[in-house]
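Written out below as structure tokens is the structure these notes cover.
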Amino acid sequence: MSPFRNDPVLPGVYRPDRPCRVLRIVGELNFGGTEMRTAELLPRLATAGVEVHLVTLSDRIGSGPLAESVIRHGGLVTPIALDARFAPRLFGLLRRLRPDVVHVDCANFSGVPLTLARLGGVPVRVAHFRGDDNVRRSLRRRISRWLCGRLLRASATDILGVSPSALTFGYDVAWQNDNRCRVVLNGLDLDRLWAPGRDDLRALVGAEPGALVCVSVGRATPEKRRWLLPPILAELRSLGVPAHAVLVGPGDGADDDARVRAAAHAAGLADRVHLIGPRDDVGHLLRQADVVVHPSCLEGLPGECWNPSRWASAPSPPTCPGCGSSRRTCRA
């Protein structure tokens, strides 16, 4: 019998008969989709009586909104570095917390903490794949990935993917034959996206009348390929189309920012490429964009391709597999 019951006051809201304790295990925190979507869910989970704790597989917690949100809703945040003491430290935390669920977002390495969770008697053990994971690896990394994958197969009770391609590339091409596997799409916090903002986008970047305003949202990491925006503007200029590129997103990518600025300078477009950093009014900015560009080469289910599909902006997504799933879902 499920430990959750239907709330008599709020139909459709399920509350546990006792507090349900979940331990989320992730890498070092950043402003990625995993962290953002989890932070958005936490208030609803807390209301439903779910207690969420967090482990980061690093000696530092990292940036982004997730850790603060976990603490605000009564959870613990514990950094555990991947060193010789990793296994006993995580096992000790499992024994102290006694979680009902361990939910791991660490690709095939998830097999290691899930094995410890199985040894610790945790009844529900979830592996969650959130990226296409189609990068090339050395022989050593391929062997490590295979071993971790074997542990995952033996220890996971549930295997989730944000898209079919995330399970295909991350877990197994034959994942549909494994009845533990399910595709669970990321959701969007529409209240946040529809919230009013403070700036007129065209005025913010000094766009002249008739100029195309292209917006790209994503943190400053190489796989987001933000440096492609200046060449895109240069090609539009050669066609007689004046345009500005607005890059929204946080991160520690000083080198990536420098690459974008160098590309803009080389194209003679330094005054038309605008890096405006993290914003809490992304939806407000996207609603004002003429085109939303997402040049990433590695995605599971790109939230920033979903966001503009809610409005009239024309998204220009990449062709990696997760984006194909996103387009089919939006059309449906």
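Residue numbers start at 1 in each chain; chains themselves are named A, B, ... in the order of the structure tokens; ligands are numbered from 1 in the order shown.
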
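Residues of segment 106-275 of chain A assigned to strand (DSSP E) by DSSP on this structure's backbone: Val124, Arg125, Val126, Ala127, His128, Phe129, Asp158, Ile159, Leu160, Gly161, Cys181, Arg182, Val183, Leu212, Val213, Cys214, Val215, Ser216, Val217, Ala243, His244, Ala245, Val246, Leu247, Val248, Val273, His274 and Leu275 of chain A.
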
Can you tell me which residues surround segment 32-39 of chain A at a distance of at most 9 Å, considering only C-alpha atoms, apart from same-chain residues fewer than 6 positions away, and format the answer as a PDB file with N, CA, C and O atoms, in the first residue's frame?
ATOM      1  N   VAL A  26      23.961  14.714  -5.550  1.00  0.00           N
ATOM      2  CA  VAL A  26      24.303  15.380  -6.808  1.00  0.00           C
ATOM      3  C   VAL A  26      25.791  15.715  -6.794  1.00  0.00           C
ATOM      4  O   VAL A  26      26.476  15.538  -5.791  1.00  0.00           O
ATOM      5  N   GLY A  64      24.543  28.392  -6.812  1.00  0.00           N
ATOM      6  CA  GLY A  64      23.180  28.116  -7.233  1.00  0.00           C
ATOM      7  C   GLY A  64      22.200  28.179  -6.078  1.00  0.00           C
ATOM      8  O   GLY A  64      22.577  28.293  -4.908  1.00  0.00           O
ATOM      9  N   PRO A  65      20.896  28.054  -6.397  1.00  0.00           N
ATOM     10  CA  PRO A  65      19.855  28.276  -5.387  1.00  0.00           C
ATOM     11  C   PRO A  65      19.480  27.041  -4.575  1.00  0.00           C
ATOM     12  O   PRO A  65      18.741  27.140  -3.613  1.00  0.00           O
ATOM     13  N   LEU A  66      19.975  25.847  -4.945  1.00  0.00           N
ATOM     14  CA  LEU A  66      19.425  24.627  -4.361  1.00  0.00           C
ATOM     15  C   LEU A  66      19.768  24.467  -2.886  1.00  0.00           C
ATOM     16  O   LEU A  66      18.888  24.131  -2.078  1.00  0.00           O
ATOM     17  N   ALA A  67      21.032  24.667  -2.508  1.00  0.00           N
ATOM     18  CA  ALA A  67      21.420  24.447  -1.111  1.00  0.00           C
ATOM     19  C   ALA A  67      20.622  25.342  -0.175  1.00  0.00           C
ATOM     20  O   ALA A  67      20.111  24.888   0.857  1.00  0.00           O
ATOM     21  N   GLU A  68      20.504  26.611  -0.516  1.00  0.00           N
ATOM     22  CA  GLU A  68      19.737  27.548   0.323  1.00  0.00           C
ATOM     23  C   GLU A  68      18.282  27.112   0.453  1.00  0.00           C
ATOM     24  O   GLU A  68      17.688  27.184   1.524  1.00  0.00           O
ATOM     25  N   SER A  69      17.711  26.609  -0.660  1.00  0.00           N
ATOM     26  CA  SER A  69      16.317  26.173  -0.623  1.00  0.00           C
ATOM     27  C   SER A  69      16.143  24.942   0.253  1.00  0.00           C
ATOM     28  O   SER A  69      15.164  24.834   1.004  1.00  0.00           O
ATOM     29  N   VAL A  70      17.079  23.995   0.179  1.00  0.00           N
ATOM     30  CA  VAL A  70      17.007  22.801   1.025  1.00  0.00           C
ATOM     31  C   VAL A  70      17.038  23.188   2.494  1.00  0.00           C
ATOM     32  O   VAL A  70      16.225  22.717   3.304  1.00  0.00           O
ATOM     33  N   ASP A 105      21.641  11.839  -8.910  1.00  0.00           N
ATOM     34  CA  ASP A 105      21.757  12.468 -10.237  1.00  0.00           C
ATOM     35  C   ASP A 105      23.226  12.504 -10.652  1.00  0.00           C
ATOM     36  O   ASP A 105      23.806  13.566 -10.823  1.00  0.00           O
ATOM     37  N   ARG A 130      19.999  12.822 -16.694  1.00  0.00           N
ATOM     38  CA  ARG A 130      19.531  14.141 -17.121  1.00  0.00           C
ATOM     39  C   ARG A 130      20.282  14.693 -18.326  1.00  0.00           C
ATOM     40  O   ARG A 130      20.059  15.832 -18.713  1.00  0.00           O
ATOM     41  N   ASN A 186      11.110  17.091 -17.134  1.00  0.00           N
ATOM     42  CA  ASN A 186      11.202  18.237 -16.222  1.00  0.00           C
ATOM     43  C   ASN A 186       9.986  19.129 -16.412  1.00  0.00           C
ATOM     44  O   ASN A 186       9.487  19.282 -17.528  1.00  0.00           O
ATOM     45  N   GLY A 187       9.539  19.722 -15.331  1.00  0.00           N
ATOM     46  CA  GLY A 187       8.453  20.689 -15.425  1.00  0.00           C
ATOM     47  C   GLY A 187       8.982  22.113 -15.368  1.00  0.00           C
ATOM     48  O   GLY A 187      10.160  22.349 -15.118  1.00  0.00           O
ATOM     49  N   LEU A 188       8.112  23.044 -15.619  1.00  0.00           N
ATOM     50  CA  LEU A 188       8.452  24.462 -15.542  1.00  0.00           C
ATOM     51  C   LEU A 188       7.603  25.127 -14.467  1.00  0.00           C
ATOM     52  O   LEU A 188       6.408  24.844 -14.349  1.00  0.00           O
ATOM     53  N   ASP A 189       8.217  26.001 -13.707  1.00  0.00           N
ATOM     54  CA  ASP A 189       7.486  26.805 -12.740  1.00  0.00           C
ATOM     55  C   ASP A 189       6.896  27.998 -13.486  1.00  0.00           C
ATOM     56  O   ASP A 189       7.541  29.031 -13.663  1.00  0.00           O
ATOM     57  N   GLY A 218      21.682  30.316 -20.544  1.00  0.00           N
ATOM     58  CA  GLY A 218      22.480  29.156 -20.170  1.00  0.00           C
ATOM     59  C   GLY A 218      23.718  29.587 -19.412  1.00  0.00           C
ATOM     60  O   GLY A 218      24.239  30.683 -19.612  1.00  0.00           O
ATOM     61  N   ARG A 219      24.186  28.709 -18.531  1.00  0.00           N
ATOM     62  CA  ARG A 219      25.374  29.055 -17.749  1.00  0.00           C
ATOM     63  C   ARG A 219      26.620  29.013 -18.637  1.00  0.00           C
ATOM     64  O   ARG A 219      26.607  28.412 -19.712  1.00  0.00           O
ATOM     65  N   LEU A 301      17.119  17.323 -21.542  1.00  0.00           N
ATOM     66  CA  LEU A 301      15.851  17.965 -21.886  1.00  0.00           C
ATOM     67  C   LEU A 301      16.048  19.451 -21.624  1.00  0.00           C
ATOM     68  O   LEU A 301      15.950  19.907 -20.492  1.00  0.00           O
ATOM     69  N   PRO A 302      16.363  20.240 -22.647  1.00  0.00           N
ATOM     70  CA  PRO A 302      16.761  21.641 -22.437  1.00  0.00           C
ATOM     71  C   PRO A 302      15.586  22.517 -22.021  1.00  0.00           C
ATOM     72  O   PRO A 302      14.722  22.848 -22.824  1.00  0.00           O
ATOM     73  N   GLY A 303      15.583  22.926 -20.746  1.00  0.00           N
ATOM     74  CA  GLY A 303      14.490  23.752 -20.252  1.00  0.00           C
ATOM     75  C   GLY A 303      14.355  25.055 -20.993  1.00  0.00           C
ATOM     76  O   GLY A 303      13.251  25.586 -21.147  1.00  0.00           O
TER      77      GLY A 303
END

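Once segment 161-163 of chain A and its same-chain neighbours fewer than 2 positions away are set aside, His128, Phe129, Arg130, Ser165, Ala166, Leu167, Val183, Val184, Leu185 and Leu301 of chain A remain within 6 Å of it when counting only C-alpha atoms.
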
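Ranking A:Val246, A:Leu29, A:Leu82, A:Val22 by their shortest atom-to-atom distance to Leu45 of chain A, with only C-alpha atoms included, puts A:Val22 first.
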
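For the choices A:Leu228, A:Val273, A:Ala262, A:Ala195, the atom-to-atom distance to Pro295 of chain A is smallest for A:Leu228 when using only C-alpha atoms.
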
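Between atom CA of Leu286 of chain A and atom CA of Leu212 of chain A the interatomic distance comes to 13.3 Å.
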
Spatial neighbours of Leu76 of chain A, 10 Å, only C-alpha atoms, chain gap at least 5 places, as a list of chain:residue names: A:Leu23, A:Glu51, A:Val52, A:His53, A:Leu54, A:Val55, A:Ala67, A:Glu68, A:Val70, A:Ile71, A:Leu97

Exercise: Val215 of chain A partners within 8 Å, only C-alpha atoms, chain neighbours under 6 positions left out, as a ChimeraX atom specification: /A:245-248,286,289-293

List as a PDB file with C-alpha atoms, in the first residue's frame the protein and nucleic acid residues near Arg125 of chain A, meaning an atom at most 6 Å away when only C-alpha atoms are counted, but skip any in the same chain fewer than 6 places from it.
ATOM      1  CA  VAL A 101      14.424   7.320  -0.670  1.00  0.00           C
ATOM      2  CA  VAL A 102      17.891   7.908  -2.084  1.00  0.00           C
ATOM      3  CA  ALA A 156      18.475   0.763  -8.415  1.00  0.00           C
ATOM      4  CA  THR A 157      14.771   0.213  -7.809  1.00  0.00           C
TER       5      THR A 157
END

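With distances restricted to only C-alpha atoms, A:Glu28 is the closest residue to Ser58 of chain A from A:Ile143, A:His274, A:Arg89, A:Glu28.
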
Contact residues around segment 115-117 of chain A with only C-alpha atoms at 9 Å, ignoring same-chain residues under 4 positions, as a PyMOL selection string: chain A and resi 87+90-91+94+101-102+110-111+121-125+151-152+154-156

Hey, can you spit out that residue selection with all heavy atoms as a compact mmCIF listing (two decimals), in the first residue's frame?
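Printed below is again_26.txt as written:
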# COMPACT_ATOMS: atom_id res chain seq x y z
N ALA A 87 33.06 6.43 0.96
CA ALA A 87 32.10 5.35 1.25
C ALA A 87 31.72 5.31 2.73
O ALA A 87 30.52 5.28 3.05
CB ALA A 87 32.65 4.01 0.79
N LEU A 90 29.47 8.45 3.57
CA LEU A 90 28.11 8.38 3.04
C LEU A 90 27.31 7.31 3.76
O LEU A 90 26.14 7.52 4.11
CB LEU A 90 28.14 8.12 1.54
CG LEU A 90 26.76 8.02 0.87
CD1 LEU A 90 25.93 9.29 1.11
CD2 LEU A 90 26.88 7.75 -0.62
N PHE A 91 27.93 6.16 4.01
CA PHE A 91 27.21 5.09 4.71
C PHE A 91 26.82 5.53 6.11
O PHE A 91 25.70 5.25 6.58
CB PHE A 91 28.07 3.83 4.76
CG PHE A 91 27.31 2.60 5.17
CD1 PHE A 91 26.45 1.98 4.29
CD2 PHE A 91 27.46 2.08 6.45
CE1 PHE A 91 25.74 0.85 4.67
CE2 PHE A 91 26.75 0.96 6.84
CZ PHE A 91 25.89 0.33 5.95
N LEU A 94 23.82 7.77 5.86
CA LEU A 94 22.62 6.96 5.60
C LEU A 94 22.11 6.32 6.89
O LEU A 94 20.90 6.28 7.13
CB LEU A 94 22.93 5.89 4.56
CG LEU A 94 23.18 6.37 3.13
CD1 LEU A 94 23.71 5.24 2.27
CD2 LEU A 94 21.90 6.93 2.51
N VAL A 101 14.05 7.28 0.74
CA VAL A 101 14.42 7.32 -0.67
C VAL A 101 15.82 7.91 -0.80
O VAL A 101 16.14 8.90 -0.15
CB VAL A 101 13.43 8.19 -1.49
CG1 VAL A 101 13.83 8.22 -2.96
CG2 VAL A 101 11.99 7.71 -1.32
N VAL A 102 16.64 7.29 -1.64
CA VAL A 102 17.89 7.91 -2.08
C VAL A 102 17.77 8.14 -3.58
O VAL A 102 17.50 7.21 -4.34
CB VAL A 102 19.12 7.03 -1.76
CG1 VAL A 102 20.35 7.57 -2.48
CG2 VAL A 102 19.37 7.00 -0.26
N SER A 110 26.09 6.89 -10.30
CA SER A 110 25.00 6.70 -9.34
C SER A 110 25.01 5.30 -8.75
O SER A 110 24.51 5.06 -7.64
CB SER A 110 23.65 6.96 -10.01
OG SER A 110 23.55 8.29 -10.49
N GLY A 111 25.57 4.33 -9.51
CA GLY A 111 25.61 2.97 -9.00
C GLY A 111 26.37 2.82 -7.70
O GLY A 111 26.06 1.95 -6.89
N GLY A 121 19.95 -0.58 3.63
CA GLY A 121 18.55 -0.92 3.80
C GLY A 121 17.57 0.14 3.33
O GLY A 121 16.40 0.12 3.73
N VAL A 122 18.00 1.08 2.47
CA VAL A 122 17.08 2.09 1.95
C VAL A 122 16.13 1.42 0.95
O VAL A 122 16.59 0.80 -0.02
CB VAL A 122 17.84 3.24 1.26
CG1 VAL A 122 16.88 4.27 0.70
CG2 VAL A 122 18.81 3.89 2.23
N PRO A 123 14.81 1.54 1.13
CA PRO A 123 13.88 0.76 0.30
C PRO A 123 13.72 1.26 -1.13
O PRO A 123 13.50 0.47 -2.05
CB PRO A 123 12.55 0.86 1.06
CG PRO A 123 12.67 2.10 1.89
CD PRO A 123 14.12 2.22 2.24
N VAL A 124 13.82 2.59 -1.35
CA VAL A 124 13.63 3.15 -2.69
C VAL A 124 14.92 3.82 -3.12
O VAL A 124 15.41 4.74 -2.44
CB VAL A 124 12.47 4.15 -2.73
CG1 VAL A 124 12.29 4.72 -4.15
CG2 VAL A 124 11.16 3.50 -2.26
N ARG A 125 15.47 3.35 -4.26
CA ARG A 125 16.78 3.83 -4.71
C ARG A 125 16.66 4.24 -6.18
O ARG A 125 16.48 3.38 -7.06
CB ARG A 125 17.82 2.73 -4.51
CG ARG A 125 17.90 2.24 -3.06
CD ARG A 125 18.86 1.10 -2.87
NE ARG A 125 18.49 -0.09 -3.64
CZ ARG A 125 17.67 -1.03 -3.22
NH1 ARG A 125 17.08 -0.93 -2.03
NH2 ARG A 125 17.40 -2.09 -3.98
N LEU A 151 26.89 -1.84 -11.09
CA LEU A 151 26.40 -1.59 -9.74
C LEU A 151 25.00 -0.95 -9.78
O LEU A 151 24.12 -1.30 -8.98
CB LEU A 151 27.36 -0.67 -9.00
CG LEU A 151 28.73 -1.24 -8.66
CD1 LEU A 151 29.62 -0.17 -8.04
CD2 LEU A 151 28.61 -2.43 -7.71
N LEU A 152 24.81 -0.04 -10.73
CA LEU A 152 23.51 0.62 -10.86
C LEU A 152 22.42 -0.39 -11.18
O LEU A 152 21.34 -0.38 -10.57
CB LEU A 152 23.60 1.70 -11.93
CG LEU A 152 22.42 2.67 -12.07
CD1 LEU A 152 22.92 3.99 -12.67
CD2 LEU A 152 21.31 2.12 -12.94
N ALA A 154 22.29 -3.43 -10.45
CA ALA A 154 22.04 -4.33 -9.33
C ALA A 154 21.38 -3.65 -8.14
O ALA A 154 20.81 -4.33 -7.28
CB ALA A 154 23.36 -4.96 -8.89
N SER A 155 21.45 -2.32 -8.08
CA SER A 155 21.02 -1.63 -6.85
C SER A 155 19.84 -0.69 -7.02
O SER A 155 19.16 -0.37 -6.03
CB SER A 155 22.20 -0.85 -6.26
OG SER A 155 22.70 0.09 -7.19
N ALA A 156 19.56 -0.22 -8.23
CA ALA A 156 18.47 0.76 -8.41
C ALA A 156 17.11 0.07 -8.41
O ALA A 156 16.94 -0.99 -9.02
CB ALA A 156 18.68 1.52 -9.72

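Atom CA of Ser296 of chain A lies 5.5 Å from atom CA of Arg225 of chain A.
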
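For the pair atom CA of Gln176 of chain A and atom CA of Arg118 of chain A, the interatomic distance is 23.6 Å.
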
DSSP alpha helix (DSSP H) residues within segment 55-298 of chain A, listed as a PyMOL selection string: chain A and resi 66-72+86-97+111-119+139-155+164-170+190-193+201-205+229-238+254-266+282-287
